[in-house]
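Heads up, work_15.pdb below (PDB, C-alpha atoms, pLDDT in the B column):
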ATOM      1  CA  MET Z   1      -6.258  14.748 -23.975  1.00 48.00           C
ATOM      2  CA  PRO Z   2      -4.393  12.372 -21.611  1.00 49.00           C
ATOM      3  CA  GLU Z   3      -1.910  13.886 -19.135  1.00 50.00           C
ATOM      4  CA  ARG Z   4       0.685  11.199 -19.885  1.00 57.00           C
ATOM      5  CA  GLN Z   5       1.516   9.895 -23.321  1.00 84.00           C
ATOM      6  CA  SER Z   6       4.180   7.367 -24.288  1.00 92.00           C
ATOM      7  CA  LEU Z   7       5.497   5.510 -27.303  1.00 94.00           C
ATOM      8  CA  ASN Z   8       8.085   2.721 -27.349  1.00 95.00           C
ATOM      9  CA  LEU Z   9       9.778   1.733 -30.604  1.00 95.00           C
ATOM     10  CA  SER Z  10      12.510  -0.697 -31.628  1.00 93.00           C
ATOM     11  CA  LEU Z  11      14.393  -0.659 -34.880  1.00 92.00           C
ATOM     12  CA  ARG Z  12      17.014  -2.668 -36.703  1.00 90.00           C
ATOM     13  CA  SER Z  13      20.447  -1.272 -37.404  1.00 89.00           C
ATOM     14  CA  ASP Z  14      19.370  -0.261 -40.898  1.00 90.00           C
ATOM     15  CA  LEU Z  15      18.948   3.258 -42.288  1.00 91.00           C
ATOM     16  CA  THR Z  16      15.770   2.179 -44.103  1.00 93.00           C
ATOM     17  CA  GLU Z  17      14.102   2.074 -40.667  1.00 93.00           C
ATOM     18  CA  ILE Z  18      14.266   5.871 -40.272  1.00 95.00           C
ATOM     19  CA  PRO Z  19      11.211   6.711 -42.450  1.00 97.00           C
ATOM     20  CA  ARG Z  20       9.125   4.116 -40.547  1.00 96.00           C
ATOM     21  CA  ILE Z  21      10.125   5.608 -37.212  1.00 95.00           C
ATOM     22  CA  ALA Z  22       9.425   9.147 -38.518  1.00 97.00           C
ATOM     23  CA  ASP Z  23       5.962   8.031 -39.673  1.00 97.00           C
ATOM     24  CA  GLU Z  24       5.187   6.478 -36.278  1.00 95.00           C
ATOM     25  CA  ILE Z  25       6.352   9.580 -34.398  1.00 95.00           C
ATOM     26  CA  THR Z  26       4.375  11.850 -36.741  1.00 95.00           C
ATOM     27  CA  ALA Z  27       1.184   9.810 -36.271  1.00 94.00           C
ATOM     28  CA  PHE Z  28       1.684   9.698 -32.502  1.00 91.00           C
ATOM     29  CA  GLY Z  29       2.362  13.438 -32.293  1.00 91.00           C
ATOM     30  CA  GLU Z  30      -0.628  14.344 -34.458  1.00 92.00           C
ATOM     31  CA  ALA Z  31      -2.921  12.074 -32.439  1.00 89.00           C
ATOM     32  CA  HIS Z  32      -1.852  13.854 -29.261  1.00 85.00           C
ATOM     33  CA  GLY Z  33      -1.961  17.430 -30.545  1.00 86.00           C
ATOM     34  CA  TRP Z  34       1.752  18.138 -30.866  1.00 86.00           C
ATOM     35  CA  SER Z  35       2.628  21.189 -32.933  1.00 87.00           C
ATOM     36  CA  LEU Z  36       3.973  20.448 -36.406  1.00 91.00           C
ATOM     37  CA  GLN Z  37       7.195  22.222 -35.403  1.00 88.00           C
ATOM     38  CA  TRP Z  38       7.810  19.816 -32.504  1.00 85.00           C
ATOM     39  CA  ILE Z  39       7.023  16.809 -34.690  1.00 92.00           C
ATOM     40  CA  SER Z  40       9.548  18.050 -37.244  1.00 91.00           C
ATOM     41  CA  ASN Z  41      12.142  18.857 -34.573  1.00 90.00           C
ATOM     42  CA  THR Z  42      11.711  15.435 -32.976  1.00 91.00           C
ATOM     43  CA  ASN Z  43      12.057  13.642 -36.293  1.00 94.00           C
ATOM     44  CA  LEU Z  44      15.111  15.682 -37.315  1.00 91.00           C
ATOM     45  CA  ALA Z  45      16.890  15.137 -33.989  1.00 92.00           C
ATOM     46  CA  LEU Z  46      16.184  11.408 -34.016  1.00 94.00           C
ATOM     47  CA  ASP Z  47      17.123  11.078 -37.697  1.00 92.00           C
ATOM     48  CA  GLU Z  48      20.542  12.560 -36.880  1.00 89.00           C
ATOM     49  CA  LEU Z  49      21.133  10.436 -33.783  1.00 92.00           C
ATOM     50  CA  ILE Z  50      19.848   7.194 -35.324  1.00 92.00           C
ATOM     51  CA  THR Z  51      21.918   7.738 -38.473  1.00 89.00           C
ATOM     52  CA  ASN Z  52      25.058   8.258 -36.387  1.00 86.00           C
ATOM     53  CA  SER Z  53      24.323   5.213 -34.246  1.00 88.00           C
ATOM     54  CA  ILE Z  54      23.747   2.967 -37.260  1.00 87.00           C
ATOM     55  CA  SER Z  55      26.630   4.387 -39.300  1.00 84.00           C
ATOM     56  CA  TYR Z  56      29.300   4.428 -36.599  1.00 79.00           C
ATOM     57  CA  GLY Z  57      28.068   2.388 -33.619  1.00 80.00           C
ATOM     58  CA  HIS Z  58      28.913  -1.085 -34.956  1.00 76.00           C
ATOM     59  CA  LEU Z  59      25.463  -2.418 -34.103  1.00 72.00           C
ATOM     60  CA  ASP Z  60      24.319  -5.827 -35.237  1.00 70.00           C
ATOM     61  CA  GLU Z  61      21.180  -6.169 -37.363  1.00 67.00           C
ATOM     62  CA  ARG Z  62      18.817  -7.668 -34.783  1.00 64.00           C
ATOM     63  CA  ASP Z  63      15.303  -6.267 -34.570  1.00 64.00           C
ATOM     64  CA  ASP Z  64      15.900  -4.239 -31.415  1.00 70.00           C
ATOM     65  CA  ALA Z  65      19.339  -2.763 -32.131  1.00 86.00           C
ATOM     66  CA  ILE Z  66      18.042   0.692 -31.174  1.00 94.00           C
ATOM     67  CA  ARG Z  67      15.266   1.392 -28.708  1.00 95.00           C
ATOM     68  CA  LEU Z  68      13.321   4.641 -28.459  1.00 96.00           C
ATOM     69  CA  MET Z  69      11.072   5.642 -25.593  1.00 96.00           C
ATOM     70  CA  LEU Z  70       9.087   8.857 -25.908  1.00 94.00           C
ATOM     71  CA  SER Z  71       6.961  10.174 -23.085  1.00 92.00           C
ATOM     72  CA  VAL Z  72       5.068  13.388 -22.559  1.00 87.00           C
ATOM     73  CA  GLU Z  73       4.048  14.746 -19.197  1.00 80.00           C
ATOM     74  CA  ASN Z  74       2.679  18.243 -18.707  1.00 78.00           C
ATOM     75  CA  ASP Z  75       3.784  19.426 -22.171  1.00 78.00           C
ATOM     76  CA  GLN Z  76       7.385  18.232 -21.793  1.00 86.00           C
ATOM     77  CA  LEU Z  77       8.645  15.595 -24.226  1.00 89.00           C
ATOM     78  CA  VAL Z  78      11.350  13.237 -22.983  1.00 92.00           C
ATOM     79  CA  ILE Z  79      13.052  10.980 -25.525  1.00 93.00           C
ATOM     80  CA  VAL Z  80      15.372   8.179 -24.464  1.00 97.00           C
ATOM     81  CA  MET Z  81      17.379   6.431 -27.174  1.00 96.00           C
ATOM     82  CA  GLU Z  82      19.407   3.345 -26.295  1.00 96.00           C
ATOM     83  CA  ASP Z  83      21.758   1.095 -28.227  1.00 93.00           C
ATOM     84  CA  ASP Z  84      24.562  -1.289 -27.354  1.00 89.00           C
ATOM     85  CA  GLY Z  85      27.039   0.077 -29.847  1.00 89.00           C
ATOM     86  CA  ILE Z  86      30.515   1.319 -29.027  1.00 89.00           C
ATOM     87  CA  ALA Z  87      30.655   3.943 -26.279  1.00 91.00           C
ATOM     88  CA  PHE Z  88      30.335   7.432 -27.756  1.00 87.00           C
ATOM     89  CA  ASN Z  89      29.091  10.662 -26.224  1.00 90.00           C
ATOM     90  CA  PRO Z  90      28.061  12.785 -29.218  1.00 86.00           C
ATOM     91  CA  PHE Z  91      27.623  15.879 -27.055  1.00 79.00           C
ATOM     92  CA  GLU Z  92      31.274  15.865 -25.971  1.00 80.00           C
ATOM     93  CA  GLU Z  93      33.128  13.779 -28.561  1.00 66.00           C
ATOM     94  CA  ALA Z  94      31.670  15.037 -31.852  1.00 55.00           C
ATOM     95  CA  ASP Z  95      33.589  17.849 -33.503  1.00 56.00           C
ATOM     96  CA  SER Z  96      32.056  21.308 -33.334  1.00 58.00           C
ATOM     97  CA  PRO Z  97      30.805  22.468 -36.734  1.00 52.00           C
ATOM     98  CA  ASP Z  98      32.440  25.328 -38.596  1.00 50.00           C
ATOM     99  CA  LEU Z  99      29.756  28.007 -38.616  1.00 49.00           C
ATOM    100  CA  ASP Z 100      32.027  30.902 -39.543  1.00 52.00           C
ATOM    101  CA  SER Z 101      33.525  29.937 -42.917  1.00 53.00           C
ATOM    102  CA  GLU Z 102      31.772  30.535 -46.207  1.00 56.00           C
ATOM    103  CA  ILE Z 103      29.414  27.673 -46.993  1.00 51.00           C
ATOM    104  CA  GLU Z 104      31.474  26.524 -49.990  1.00 54.00           C
ATOM    105  CA  ASP Z 105      34.604  26.334 -47.786  1.00 52.00           C
ATOM    106  CA  ARG Z 106      33.053  24.135 -45.098  1.00 45.00           C
ATOM    107  CA  MET Z 107      33.494  20.380 -44.871  1.00 50.00           C
ATOM    108  CA  ILE Z 108      30.380  18.318 -45.548  1.00 51.00           C
ATOM    109  CA  GLY Z 109      28.696  16.991 -42.412  1.00 52.00           C
ATOM    110  CA  GLY Z 110      29.198  17.771 -38.772  1.00 59.00           C
ATOM    111  CA  LEU Z 111      25.952  19.651 -38.182  1.00 59.00           C
ATOM    112  CA  GLY Z 112      23.827  16.778 -36.851  1.00 66.00           C
ATOM    113  CA  VAL Z 113      24.744  17.036 -33.170  1.00 73.00           C
ATOM    114  CA  PHE Z 114      24.618  20.833 -33.444  1.00 72.00           C
ATOM    115  CA  PHE Z 115      21.012  20.530 -34.707  1.00 76.00           C
ATOM    116  CA  VAL Z 116      20.115  18.180 -31.848  1.00 80.00           C
ATOM    117  CA  LYS Z 117      21.525  20.623 -29.289  1.00 84.00           C
ATOM    118  CA  THR Z 118      19.711  23.532 -30.940  1.00 82.00           C
ATOM    119  CA  LEU Z 119      16.344  21.764 -31.211  1.00 82.00           C
ATOM    120  CA  THR Z 120      16.150  20.493 -27.636  1.00 85.00           C
ATOM    121  CA  SER Z 121      15.841  22.131 -24.232  1.00 88.00           C
ATOM    122  CA  ASP Z 122      18.204  19.624 -22.624  1.00 91.00           C
ATOM    123  CA  TYR Z 123      20.345  16.702 -23.777  1.00 93.00           C
ATOM    124  CA  ARG Z 124      22.354  14.104 -21.857  1.00 95.00           C
ATOM    125  CA  TYR Z 125      24.469  11.056 -22.545  1.00 95.00           C
ATOM    126  CA  GLN Z 126      25.099   8.153 -20.181  1.00 96.00           C
ATOM    127  CA  ARG Z 127      26.946   4.893 -20.590  1.00 96.00           C
ATOM    128  CA  VAL Z 128      25.001   2.355 -18.535  1.00 96.00           C
ATOM    129  CA  GLY Z 129      26.917  -0.917 -18.560  1.00 95.00           C
ATOM    130  CA  GLU Z 130      27.166  -1.771 -22.255  1.00 91.00           C
ATOM    131  CA  ILE Z 131      24.364   0.616 -23.275  1.00 93.00           C
ATOM    132  CA  ASN Z 132      24.583   4.105 -24.770  1.00 95.00           C
ATOM    133  CA  ARG Z 133      21.676   6.165 -23.430  1.00 97.00           C
ATOM    134  CA  ILE Z 134      20.848   9.558 -24.903  1.00 95.00           C
ATOM    135  CA  THR Z 135      18.106  11.585 -23.244  1.00 96.00           C
ATOM    136  CA  LEU Z 136      16.564  14.574 -24.996  1.00 94.00           C
ATOM    137  CA  VAL Z 137      14.066  16.939 -23.390  1.00 92.00           C
ATOM    138  CA  GLN Z 138      11.855  19.391 -25.243  1.00 87.00           C
ATOM    139  CA  ASP Z 139       9.432  21.789 -23.607  1.00 84.00           C
ATOM    140  CA  SER Z 140       6.004  22.764 -24.906  1.00 73.00           C
ATOM    141  CA  VAL Z 141       5.041  20.083 -27.444  1.00 63.00           C
ATOM    142  CA  GLN Z 142       1.423  21.121 -27.759  1.00 58.00           C
ATOM    143  CA  ALA Z 143       0.090  23.076 -30.733  1.00 53.00           C
TER     144      ALA Z 143
END

If you took the structure in this file and wrote it as structure tokens, what would it be?
Amino acid sequence: MPERQSLNLSLRSDLTEIPRIADEITAFGEAHGWSLQWISNTNLALDELITNSISYGHLDERDDAIRLMLSVENDQLVIVMEDDGIAFNPFEEADSPDLDSEIEDRMIGGLGVFFVKTLTSDYRYQRVGEINRITLVQDSVQA
């Protein structure tokens, strides 16, 4: 198994792109011996972030509206997601979910960023010029 693995993907600002990206990440992870749990966690985290970016980021529909770079070194997965949508730091600006109320009393939504924070070892947001850059780190991707 190679020490360094990487995958670069671009997608349009279209929610129908999410299954394609999930399929590519799943195939890449399986080919490199990732555990099924880390494949699922990666796909869930990216599904949430991509959905938010497409739904609220005011991206145009060009082919590279969102860019994903995944790299693995020494069992640590680093994901960088970039778009040129409106500036938004989901880790500071998104509302905290209500985890205390009864499920039927809670508002729908609001758990996506919570899931991302829970599923990753580290998460960061940067605004680099006109680019939103989210970096996720997950330890121990091997089966």

- Message: So the first atom is CA of Asp60 in chain Z and the second is CA of Asp23 in chain Z; what is the distance between them in Å, to one decimal place?
- Response: 23.4 Å

- Message: Quick one: residues within 7 Å of Tyr123 in chain Z, only C-alpha atoms, excluding same-chain residues fewer than 4 positions away - as a ChimeraX atom specification?
- Response: /Z:117,135-137

- Task: Pull out every residue that the PyMOL selection byres ((chain Z and resi 79) around 10) matches in the shown coordinates and put them as a PyMOL selection string.
- Result: chain Z and resi 6-8+42+46+68-72+76-78+80-82+123+134-138

Against range 16-20 of chain Z, which residues of range 27-104 of chain Z fall within 10 Å? For each one I want the closest pair of atoms and the distance in Å (one decimal), counting all atoms listed in the file, rows by chain and increasing residue number, as CSV.
residue,atom,partner,partner_atom,distance
Z:Asn43,CA,Z:Ile18,CA,9.0
Z:Leu46,CA,Z:Ile18,CA,8.6
Z:Asp47,CA,Z:Ile18,CA,6.5
Z:Glu48,CA,Z:Ile18,CA,9.8
Z:Ile50,CA,Z:Ile18,CA,7.6
Z:Thr51,CA,Z:Ile18,CA,8.1

- Query: Hey, which of Z:Pro90, Z:Ser40, Z:Asp83, Z:Phe114 ends up closest to Val128 in chain Z? Count only C-alpha atoms.
  - Reply: Z:Asp83

- Which value, in Å to one decimal, gives the distance between CA of Trp34 in chain Z and CA of Leu49 in chain Z?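 Atom-to-atom, CA of Trp34 in chain Z to CA of Leu49 in chain Z, that is 21.1 Å.
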
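Taking CA of Arg127 in chain Z and CA of His58 in chain Z as endpoints, the distance between them is 15.7 Å.
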
Got a sec: who's within 9 Å of Gly29 in chain Z, counting all atoms listed in the file, leaving out chain neighbours fewer than 4 positions off, as a compact mmCIF listing (two decimals) with C-alpha atoms, in the frame of the given file?
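Resulting contents of out28.txt:
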# COMPACT_ATOMS: atom_id res chain seq x y z
CA GLU Z 24 5.19 6.48 -36.28
CA ILE Z 25 6.35 9.58 -34.40
CA GLY Z 33 -1.96 17.43 -30.54
CA TRP Z 34 1.75 18.14 -30.87
CA SER Z 35 2.63 21.19 -32.93
CA LEU Z 36 3.97 20.45 -36.41
CA TRP Z 38 7.81 19.82 -32.50
CA ILE Z 39 7.02 16.81 -34.69
CA VAL Z 141 5.04 20.08 -27.44
CA GLN Z 142 1.42 21.12 -27.76

- Message: Which residues are close to Asn41 in chain Z, i.e. within 8 Å by all atoms listed in the file, leaving aside same-chain residues fewer than 4 positions away? Reply as a ChimeraX atom specification.
- Response: /Z:37,45,119

- Looking at only C-alpha atoms, which of Z:Leu44, Z:Asn52, Z:Ile86, Z:Phe28 is the one that sits closest to Asn132 in chain Z?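 Of Z:Leu44, Z:Asn52, Z:Ile86, Z:Phe28, the one nearest Asn132 in chain Z, counting only C-alpha atoms, is Z:Ile86.
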
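Of the residues under consideration (Z:Leu9, Z:Val116, Z:Ile21, Z:Ala87), Z:Ala87 shows the shortest atom-to-atom contact distance to Tyr56 in chain Z when counting only C-alpha atoms.
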